[in-house]
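Quick look at run-v4.txt (compact mmCIF, C-alpha atoms):
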```txt
# COMPACT_ATOMS: atom_id res chain seq x y z
CA MET A 23 4.23 -17.14 -4.44
CA VAL A 24 0.59 -16.44 -3.61
CA SER A 25 -1.93 -19.24 -3.96
CA VAL A 26 -5.70 -18.80 -4.22
CA SER A 27 -6.22 -20.15 -0.70
CA GLN A 28 -4.25 -17.23 0.75
CA PHE A 29 -6.60 -14.58 -0.61
CA VAL A 30 -9.62 -13.22 1.27
CA ASN A 31 -12.50 -10.97 0.22
CA LEU A 32 -11.35 -7.34 0.45
CA ALA A 33 -13.98 -5.33 -1.45
CA ALA A 34 -17.37 -5.74 -3.07
CA LEU A 35 -19.29 -3.78 -5.72
CA SER A 36 -23.03 -3.57 -5.18
CA ARG A 37 -25.86 -2.87 -7.62
CA ALA A 38 -29.39 -2.26 -6.35
CA GLY A 39 -28.49 -3.78 -2.99
CA LYS A 40 -27.01 -6.95 -4.47
CA VAL A 41 -23.31 -7.81 -4.64
CA GLU A 42 -22.27 -7.80 -8.29
CA SER A 43 -18.49 -8.25 -8.05
CA VAL A 44 -15.97 -9.17 -5.36
CA HIS A 45 -12.24 -8.46 -5.20
CA GLN A 46 -10.02 -10.81 -3.22
CA GLY A 47 -6.48 -10.20 -2.12
CA VAL A 48 -4.07 -9.78 0.76
CA ALA A 49 -3.17 -6.75 2.88
CA ALA A 50 -0.96 -5.79 5.80
CA VAL A 51 -0.61 -2.98 8.31
CA THR A 52 2.63 -2.38 10.18
CA ARG A 53 3.19 -0.01 13.07
CA PRO A 54 6.19 2.40 13.19
CA ASP A 55 8.53 -0.24 14.61
CA GLY A 56 7.71 -2.55 11.69
CA VAL A 57 5.61 -5.04 13.63
CA ILE A 58 2.52 -6.38 11.82
CA ILE A 59 -0.63 -5.26 13.63
CA ASP A 60 -3.18 -6.40 11.05
CA ALA A 61 -3.30 -8.82 8.15
CA LEU A 62 -6.07 -9.64 5.69
CA GLY A 63 -5.26 -13.00 4.16
CA ASP A 64 -1.68 -14.26 4.42
CA ALA A 65 0.45 -11.11 4.51
CA THR A 66 3.67 -13.13 4.54
CA VAL A 67 3.37 -14.53 1.02
CA SER A 68 5.57 -13.24 -1.80
CA ILE A 69 4.10 -10.88 -4.39
CA PHE A 70 5.50 -8.80 -7.23
CA PRO A 71 5.19 -5.20 -5.98
CA ARG A 72 5.71 -3.73 -9.45
CA SER A 73 5.93 0.07 -9.53
CA ALA A 74 4.94 0.42 -5.88
CA VAL A 75 8.63 0.06 -5.00
CA LYS A 76 9.79 3.02 -7.10
CA PRO A 77 10.23 5.30 -4.06
CA LEU A 78 12.50 2.63 -2.56
CA GLN A 79 14.50 2.50 -5.78
CA VAL A 80 14.92 6.25 -5.38
CA VAL A 81 16.56 5.66 -2.00
CA ALA A 82 19.22 3.64 -3.84
CA MET A 83 19.59 6.34 -6.49
CA ARG A 84 20.22 8.95 -3.81
CA ARG A 85 22.74 6.73 -2.04
CA ALA A 86 24.53 6.48 -5.38
CA GLY A 87 24.80 10.26 -5.53
CA MET A 88 21.71 11.43 -7.44
CA LYS A 89 21.14 15.08 -6.49
CA LEU A 90 17.62 15.78 -7.80
CA THR A 91 15.09 17.73 -5.76
CA GLY A 92 11.45 18.81 -5.99
CA ALA A 93 9.37 17.66 -8.95
CA LYS A 94 12.39 16.08 -10.64
CA LEU A 95 12.96 13.90 -7.58
CA ALA A 96 9.24 13.09 -7.41
CA ILE A 97 9.02 11.86 -11.01
CA THR A 98 11.88 9.40 -10.45
CA ALA A 99 9.51 7.72 -7.98
CA GLY A 100 6.55 8.06 -10.33
CA SER A 101 4.47 6.29 -12.94
CA HIS A 102 3.67 9.38 -14.96
CA GLN A 103 1.04 9.98 -17.62
CA GLY A 104 3.25 11.22 -20.42
CA THR A 105 1.97 14.78 -20.39
CA PRO A 106 4.21 17.54 -21.79
CA GLU A 107 4.95 18.59 -18.20
CA HIS A 108 6.02 15.06 -17.26
CA ILE A 109 8.18 14.66 -20.36
CA GLN A 110 9.84 18.03 -19.77
CA LEU A 111 10.89 16.93 -16.28
CA VAL A 112 12.45 13.75 -17.68
CA LEU A 113 14.34 15.72 -20.34
CA GLU A 114 15.61 18.15 -17.70
CA ILE A 115 16.89 15.30 -15.53
CA LEU A 116 18.75 13.79 -18.46
CA ALA A 117 20.16 17.15 -19.56
CA SER A 118 21.39 17.85 -16.02
CA VAL A 119 23.86 14.95 -16.38
CA GLY A 120 24.71 15.51 -20.03
CA LEU A 121 22.39 12.90 -21.53
CA ASP A 122 19.32 12.86 -23.77
CA ASP A 123 16.43 10.46 -24.33
CA SER A 124 18.59 8.15 -26.45
CA ALA A 125 20.12 6.90 -23.18
CA LEU A 126 16.75 5.61 -21.89
CA GLN A 127 16.35 1.83 -22.08
CA CYS A 128 12.67 1.59 -21.15
CA PRO A 129 10.21 0.51 -23.90
CA VAL A 130 8.34 2.99 -26.07
CA ALA A 131 4.71 3.88 -25.35
CA TRP A 132 1.94 6.31 -26.15
CA PRO A 133 1.14 8.85 -23.41
CA ALA A 134 -1.32 7.49 -20.87
CA SER A 135 -2.96 10.90 -20.62
CA PRO A 136 -5.86 11.04 -23.13
CA GLU A 137 -5.13 14.70 -23.89
CA ALA A 138 -1.43 14.07 -24.41
CA ARG A 139 -2.22 11.05 -26.56
CA LYS A 140 -4.23 13.20 -28.97
CA SER A 141 -1.21 15.33 -29.81
CA ALA A 142 1.37 12.54 -29.85
CA SER A 143 2.62 11.47 -33.27
CA ALA A 144 4.48 8.32 -32.23
CA GLU A 145 5.33 6.06 -29.30
CA THR A 146 8.44 7.20 -27.44
CA THR A 147 10.57 6.12 -24.50
CA LEU A 148 9.89 9.51 -22.89
CA ALA A 149 6.14 8.79 -22.79
CA PHE A 150 6.64 5.42 -21.11
CA ASN A 151 5.36 5.77 -17.54
CA CYS A 152 8.69 4.67 -16.02
CA SER A 153 10.92 7.08 -17.96
CA GLY A 154 11.32 9.28 -14.89
CA LYS A 155 12.70 6.36 -12.92
CA HIS A 156 15.03 5.43 -15.78
CA ALA A 157 16.26 9.02 -15.97
CA GLY A 158 16.94 8.83 -12.25
CA PHE A 159 18.84 5.57 -12.71
CA LEU A 160 20.99 7.25 -15.35
CA ALA A 161 21.60 10.35 -13.24
CA ALA A 162 22.74 8.15 -10.35
CA CYS A 163 25.09 6.26 -12.64
CA ILE A 164 26.67 9.46 -13.93
CA GLU A 165 27.17 10.79 -10.40
CA SER A 166 28.87 7.54 -9.31
CA GLY A 167 30.87 7.07 -12.49
CA TRP A 168 29.06 3.85 -13.32
CA ASP A 169 28.34 2.49 -16.79
CA THR A 170 25.14 3.85 -18.33
CA LYS A 171 24.81 1.20 -21.01
CA SER A 172 24.22 -1.69 -18.58
CA TYR A 173 22.22 0.16 -15.91
CA LEU A 174 19.38 -2.41 -16.05
CA ASP A 175 21.63 -5.45 -15.61
CA PRO A 176 20.96 -7.14 -12.24
CA SER A 177 24.72 -7.22 -11.61
CA HIS A 178 25.13 -3.47 -12.21
CA PRO A 179 26.25 -1.66 -9.01
CA LEU A 180 23.08 0.44 -8.97
CA GLN A 181 20.77 -2.58 -9.23
CA VAL A 182 22.76 -4.38 -6.53
CA LEU A 183 22.21 -1.31 -4.35
CA VAL A 184 18.48 -1.30 -5.12
CA LYS A 185 18.25 -4.91 -3.96
CA GLN A 186 20.12 -4.08 -0.77
CA VAL A 187 17.76 -1.18 -0.02
CA LEU A 188 14.68 -3.35 -0.57
CA GLU A 189 15.96 -5.98 1.84
CA GLU A 190 17.01 -3.35 4.40
CA TYR A 191 13.72 -1.46 4.40
CA SER A 192 11.45 -4.52 4.22
CA GLY A 193 13.44 -6.57 6.73
CA GLU A 194 13.22 -9.53 4.35
CA ASP A 195 15.46 -11.55 2.07
CA ILE A 196 14.38 -11.44 -1.58
CA GLU A 197 12.97 -14.78 -2.67
CA LEU A 198 12.84 -14.31 -6.44
CA SER A 199 13.99 -11.76 -9.01
CA THR A 200 12.78 -11.28 -12.58
CA VAL A 201 12.16 -8.36 -14.97
CA ASP A 202 9.51 -5.66 -14.64
CA GLY A 203 7.52 -4.22 -17.53
CA CYS A 204 9.99 -1.37 -17.97
CA GLY A 205 12.97 -3.71 -18.20
CA ALA A 206 14.34 -3.06 -14.71
CA PRO A 207 14.98 -5.90 -12.24
CA LEU A 208 11.86 -6.80 -10.25
CA HIS A 209 12.09 -8.47 -6.85
CA THR A 210 9.45 -10.21 -4.78
CA ILE A 211 8.37 -8.89 -1.40
CA THR A 212 5.60 -9.74 1.03
CA PRO A 213 2.69 -7.37 1.75
CA ALA A 214 4.03 -7.10 5.30
CA GLY A 215 7.50 -6.26 4.00
CA LEU A 216 6.12 -3.69 1.57
CA ALA A 217 4.08 -2.03 4.32
CA ARG A 218 7.12 -2.00 6.61
CA ALA A 219 9.32 -0.57 3.87
CA PHE A 220 6.85 2.21 3.05
CA GLY A 221 6.43 3.19 6.66
CA THR A 222 10.18 3.35 7.10
CA LEU A 223 10.66 5.37 3.91
CA ALA A 224 7.90 7.85 4.75
CA LYS A 225 9.45 8.63 8.14
CA SER A 226 13.18 8.25 7.52
CA GLU A 227 13.47 9.79 4.03
CA PRO A 228 11.95 13.26 4.51
CA GLU A 229 13.32 14.69 1.27
CA ILE A 230 11.78 11.90 -0.82
CA SER A 231 8.52 12.06 1.11
CA ALA A 232 8.29 15.85 0.79
CA ALA A 233 9.10 15.75 -2.92
CA MET A 234 6.33 13.22 -3.54
CA LEU A 235 3.78 14.97 -1.33
CA ASN A 236 4.49 18.43 -2.74
CA ASN A 237 4.59 17.25 -6.37
CA ALA A 238 2.05 14.44 -6.38
CA TRP A 239 1.10 15.25 -9.99
CA ALA A 240 4.61 14.21 -11.03
CA VAL A 241 4.28 10.84 -9.30
CA GLY A 242 1.20 9.87 -11.29
CA GLY A 243 -1.47 11.98 -12.91
CA GLN A 244 -4.08 14.50 -11.86
CA ASN A 245 -6.60 11.77 -11.02
CA SER A 246 -4.35 8.85 -10.10
CA PRO A 247 -5.22 7.25 -6.73
CA ASP A 248 -1.74 7.78 -5.29
CA LYS A 249 -1.93 11.49 -6.13
CA ILE A 250 -5.38 11.68 -4.48
CA VAL A 251 -4.15 9.97 -1.31
CA MET A 252 -1.05 12.17 -1.14
CA GLN A 253 -3.26 15.26 -1.04
CA GLU A 254 -4.00 14.18 2.54
CA GLY A 255 -0.30 14.11 3.46
CA ILE A 256 0.10 10.33 3.12
CA VAL A 257 2.99 9.01 1.02
CA ALA A 258 1.49 6.57 -1.51
CA LYS A 259 2.42 4.69 -4.65
CA LEU A 260 0.46 2.35 -6.87
CA GLY A 261 1.83 -0.65 -8.71
CA ALA A 262 0.57 -2.69 -11.65
CA GLU A 263 -1.63 -5.72 -11.03
CA GLY A 264 -3.53 -4.26 -8.10
CA VAL A 265 -0.73 -3.21 -5.74
CA PHE A 266 -1.02 -0.14 -3.52
CA ALA A 267 1.25 0.94 -0.67
CA LEU A 268 1.28 3.91 1.67
CA GLY A 269 3.28 5.22 4.59
CA LEU A 270 2.68 7.88 7.22
CA ALA A 271 5.34 10.57 7.23
CA SER A 272 4.22 12.61 10.24
CA GLY A 273 2.05 12.58 13.34
CA PRO A 274 1.85 10.05 16.17
CA ASN A 275 1.81 7.13 13.73
CA ALA A 276 4.72 8.31 11.57
CA GLY A 277 6.46 5.21 10.23
CA ALA A 278 3.32 3.08 10.00
CA GLY A 279 2.64 1.45 6.63
CA VAL A 280 -0.07 -0.33 4.66
CA ALA A 281 0.22 -2.55 1.60
CA VAL A 282 -2.52 -4.17 -0.49
CA LYS A 283 -2.41 -6.68 -3.34
CA ILE A 284 -5.64 -7.38 -5.24
CA ALA A 285 -5.75 -10.93 -6.58
CA ASP A 286 -7.36 -10.20 -9.94
CA GLY A 287 -4.91 -7.39 -10.72
CA ALA A 288 -7.52 -4.63 -10.75
CA LEU A 289 -6.36 -1.48 -8.98
CA ARG A 290 -9.75 0.08 -8.24
CA ALA A 291 -10.22 -1.66 -4.88
CA ALA A 292 -6.69 -1.38 -3.45
CA PRO A 293 -6.69 2.32 -2.40
CA LEU A 294 -10.11 1.95 -0.74
CA VAL A 295 -8.91 -1.08 1.20
CA ALA A 296 -5.73 0.75 2.25
CA ILE A 297 -7.50 3.82 3.61
CA LYS A 298 -10.12 1.64 5.34
CA LEU A 299 -7.28 -0.06 7.20
CA LEU A 300 -5.94 3.34 8.27
CA LYS A 301 -9.38 4.21 9.59
CA LYS A 302 -9.70 0.88 11.39
CA HIS A 303 -6.49 1.55 13.31
CA GLN A 304 -7.26 5.24 13.93
CA MET A 305 -4.32 6.36 11.81
CA ILE A 306 -6.35 8.86 9.80
CA SER A 307 -8.81 11.55 10.80
CA GLY A 308 -12.48 11.12 10.07
CA ALA A 309 -12.44 14.18 7.81
CA SER A 310 -9.49 12.89 5.77
CA TYR A 311 -11.06 9.47 5.44
CA SER A 312 -14.35 10.95 4.24
CA ARG A 313 -12.60 13.08 1.63
CA LEU A 314 -10.58 10.13 0.35
CA GLU A 315 -13.54 7.76 0.31
CA THR A 316 -15.46 10.26 -1.81
CA ALA A 317 -12.56 10.98 -4.15
CA LEU A 318 -11.72 7.29 -4.65
CA ALA A 319 -15.33 6.16 -5.02
CA VAL A 320 -16.20 3.61 -7.71
CA GLU A 321 -19.87 3.81 -8.59
CA SER A 322 -22.20 1.25 -10.15
CA MET A 323 -24.21 3.19 -12.73
CA GLY A 324 -27.53 2.43 -14.37
CA GLY A 325 -29.23 4.79 -16.80
CA GLY A 326 -27.23 7.71 -15.49
CA HIS A 327 -28.08 6.95 -11.86
CA VAL A 328 -25.88 5.62 -9.06
CA LEU A 329 -27.12 2.17 -8.08
CA GLY A 330 -24.30 1.13 -5.78
CA HIS A 331 -20.66 1.53 -4.81
CA LEU A 332 -17.44 -0.40 -4.41
CA THR A 333 -16.91 -0.85 -0.69
CA ALA A 334 -13.89 -2.07 1.26
CA LEU A 335 -15.03 -4.93 3.49
```
Before we go any further, please render this structure as structure tokens.
Amino acid sequence: MVSVSQFVNLAALSRAGKVESVHQGVAAVTRPDGVIIDALGDATVSIFPRSAVKPLQVVAMRRAGMKLTGAKLAITAGSHQGTPEHIQLVLEILASVGLDDSALQCPVAWPASPEARKSASAETTLAFNCSGKHAGFLAACIESGWDTKSYLDPSHPLQVLVKQVLEEYSGEDIELSTVDGCGAPLHTITPAGLARAFGTLAKSEPEISAAMLNNAWAVGGQNSPDKIVMQEGIVAKLGAEGVFALGLASGPNAGAGVAVKIADGALRAAPLVAIKLLKKHQMISGASYSRLETALAVESMGGGHVLGHLTAL
């Protein structure tokens, strides 16, 4: 796993011209053929990608027979905010295969959306940010005739397929497996492998890419960084503990990927670092970069005035 010596400075927050905070981490850029063309820190160390791999888990769901499209497909790759619209999608997925929310085995949670939280009366599995993925798991199991009670067991056919997809798309053997926050199996990957996997997915899985890009609100929330990045036509997914991955689905660099892991687990720097790497390698237009930099800006405030910004180094 990652050691402190393998991290490098990736972003810094300034206040009145002085650096106030620094984020360290590792990052990788891969070109369409999967070759690493840039690395910040040691991009070959193992990390836990957390929810950043949800779109890759969707590849396995589809191979198992899941037939969802549009926003329903997008939310299976998402970390949603528990809004009524998100929850309705999850219920519709479950109903489409004859199930209800009692089949979900993710933990309970309050909605992450502040507005939705105000009207919620209790924690539910539906409000848990991974319930869309779990609904997708269940839909895949029904389509393949697999057991729905043990769908989170690492030996379940669906989870075996997920592991195979991760190794196929990343070009790596999994070093370690454990359990993610939602109860699903979690496998290590390197930043280089995650970048390679995202580039491959963005180019070779057009239905998944299109569903995410056209329904970015279902993947996260109205102001989530992955939704913001996807507004520029770039497939993106965040993960807990400062993980952010993106892949280019079209254009001359289709199949290129970027992955970032922030050492302290804070997400705020990862999207800025990722888009800065796209700019460095001329994989994004100046106009798109400017829009994203503005939308993803983290400001240092003092007395209602902007005194500095978080900047990717």
Legend entry - Top pick for closest residue to Tyr191 of chain A, considering A:Tyr173, A:Trp168, A:Trp132, A:Phe220 and counting all atoms listed in the file: A:Phe220
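Of the listed residues A:Gly104, A:Pro293, A:Gly326, A:Gly167, the one whose atoms come nearest to Gln244 of chain A is A:Gly104, with distances taken using all atoms listed in the file.
The residue set within 8 Å of Ile211 of chain A, counting only C-alpha atoms and dropping same-chain residues fewer than 6 places from it, reads Val67, Ser68, Ile69, Phe70, Pro71, Ser192, Glu194, Ile196 and Glu197 of chain A.
Neighbours of Leu299 of chain A closer than or equal to 9 Å, with all atoms listed in the file counted and sequence neighbours fewer than 4 positions away skipped, come out as Ala49, Ala50, Val51, Asp60, Val280, Leu294, Val295, His303, Gln304 and Met305 of chain A.
In terms of minimum interatomic distance to Thr212 of chain A, A:Ala267 ranks closest within A:Val130, A:Ile230, A:Ala34, A:Ala267, counting all atoms listed in the file.
When atom CA of Ala278 of chain A is paired with atom CA of Gly56 of chain A, their separation reads 7.3 Å.
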Legend entry - Pick from A:Lys259, A:Lys225, A:Lys302, A:Arg72, whichever lies nearest to Ser272 of chain A using only C-alpha atoms: A:Lys225
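Between Asn151 of chain A and the candidates A:Leu198, A:Leu235, A:Val184, A:Ile97, the tightest atom-to-atom separation, counting all atoms listed in the file, involves A:Ile97.
Within the 9 Å cut-off around Lys283 of chain A, using all atoms listed in the file and omitting residues fewer than 6 positions from it on the same chain, the listed residues are A:Gln46, A:Gly47, A:Val48, A:Ala49, A:Ile69, A:Pro71, A:Pro213, A:Glu263, A:Gly264, A:Val265, A:Phe266, A:Ala267, A:Leu289, A:Ala292.
Interatomic distance, atom CA of Arg85 of chain A against atom CA of Gly203 of chain A: 24.3 Å.
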Completion step: segment 157-173 of chain A with N, CA and C atoms as an mmCIF file, in the coordinates of the input:
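Result went into part-v7.cif, see below:
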```cif
data_model
loop_
_atom_site.group_PDB
_atom_site.id
_atom_site.type_symbol
_atom_site.label_atom_id
_atom_site.label_comp_id
_atom_site.auth_asym_id
_atom_site.auth_seq_id
_atom_site.Cartn_x
_atom_site.Cartn_y
_atom_site.Cartn_z
ATOM 1 N N ALA A 157 15.419 7.828 -15.970
ATOM 2 C CA ALA A 157 16.260 9.020 -15.970
ATOM 3 C C ALA A 157 16.998 9.148 -14.647
ATOM 4 N N GLY A 158 16.302 8.808 -13.550
ATOM 5 C CA GLY A 158 16.940 8.830 -12.250
ATOM 6 C C GLY A 158 18.045 7.797 -12.134
ATOM 7 N N PHE A 159 17.788 6.599 -12.667
ATOM 8 C CA PHE A 159 18.840 5.570 -12.710
ATOM 9 C C PHE A 159 20.090 6.123 -13.407
ATOM 10 N N LEU A 160 19.874 6.743 -14.565
ATOM 11 C CA LEU A 160 20.990 7.250 -15.350
ATOM 12 C C LEU A 160 21.730 8.381 -14.636
ATOM 13 N N ALA A 161 20.968 9.261 -13.984
ATOM 14 C CA ALA A 161 21.600 10.350 -13.240
ATOM 15 C C ALA A 161 22.463 9.806 -12.109
ATOM 16 N N ALA A 162 21.967 8.770 -11.431
ATOM 17 C CA ALA A 162 22.740 8.150 -10.350
ATOM 18 C C ALA A 162 24.017 7.524 -10.891
ATOM 19 N N CYS A 163 23.907 6.885 -12.041
ATOM 20 C CA CYS A 163 25.090 6.260 -12.640
ATOM 21 C C CYS A 163 26.152 7.300 -12.995
ATOM 22 N N ILE A 164 25.721 8.410 -13.568
ATOM 23 C CA ILE A 164 26.670 9.460 -13.930
ATOM 24 C C ILE A 164 27.364 10.001 -12.682
ATOM 25 N N GLU A 165 26.595 10.237 -11.626
ATOM 26 C CA GLU A 165 27.170 10.790 -10.400
ATOM 27 C C GLU A 165 28.178 9.834 -9.766
ATOM 28 N N SER A 166 27.962 8.526 -9.909
ATOM 29 C CA SER A 166 28.870 7.540 -9.310
ATOM 30 C C SER A 166 29.943 7.052 -10.264
ATOM 31 N N GLY A 167 29.884 7.503 -11.510
ATOM 32 C CA GLY A 167 30.870 7.070 -12.490
ATOM 33 C C GLY A 167 30.643 5.644 -12.962
ATOM 34 N N TRP A 168 29.402 5.203 -12.902
ATOM 35 C CA TRP A 168 29.060 3.850 -13.320
ATOM 36 C C TRP A 168 28.610 3.827 -14.783
ATOM 37 N N ASP A 169 28.723 2.671 -15.398
ATOM 38 C CA ASP A 169 28.340 2.490 -16.790
ATOM 39 C C ASP A 169 26.856 2.783 -16.994
ATOM 40 N N THR A 170 26.532 3.530 -18.036
ATOM 41 C CA THR A 170 25.140 3.850 -18.330
ATOM 42 C C THR A 170 24.523 2.933 -19.380
ATOM 43 N N LYS A 171 25.333 2.101 -19.991
ATOM 44 C CA LYS A 171 24.810 1.200 -21.010
ATOM 45 C C LYS A 171 24.185 -0.049 -20.390
ATOM 46 N N SER A 172 24.671 -0.441 -19.213
ATOM 47 C CA SER A 172 24.220 -1.690 -18.580
ATOM 48 C C SER A 172 23.445 -1.425 -17.297
ATOM 49 N N TYR A 173 22.821 -0.230 -17.186
ATOM 50 C CA TYR A 173 22.220 0.160 -15.910
ATOM 51 C C TYR A 173 21.037 -0.717 -15.486
#
```
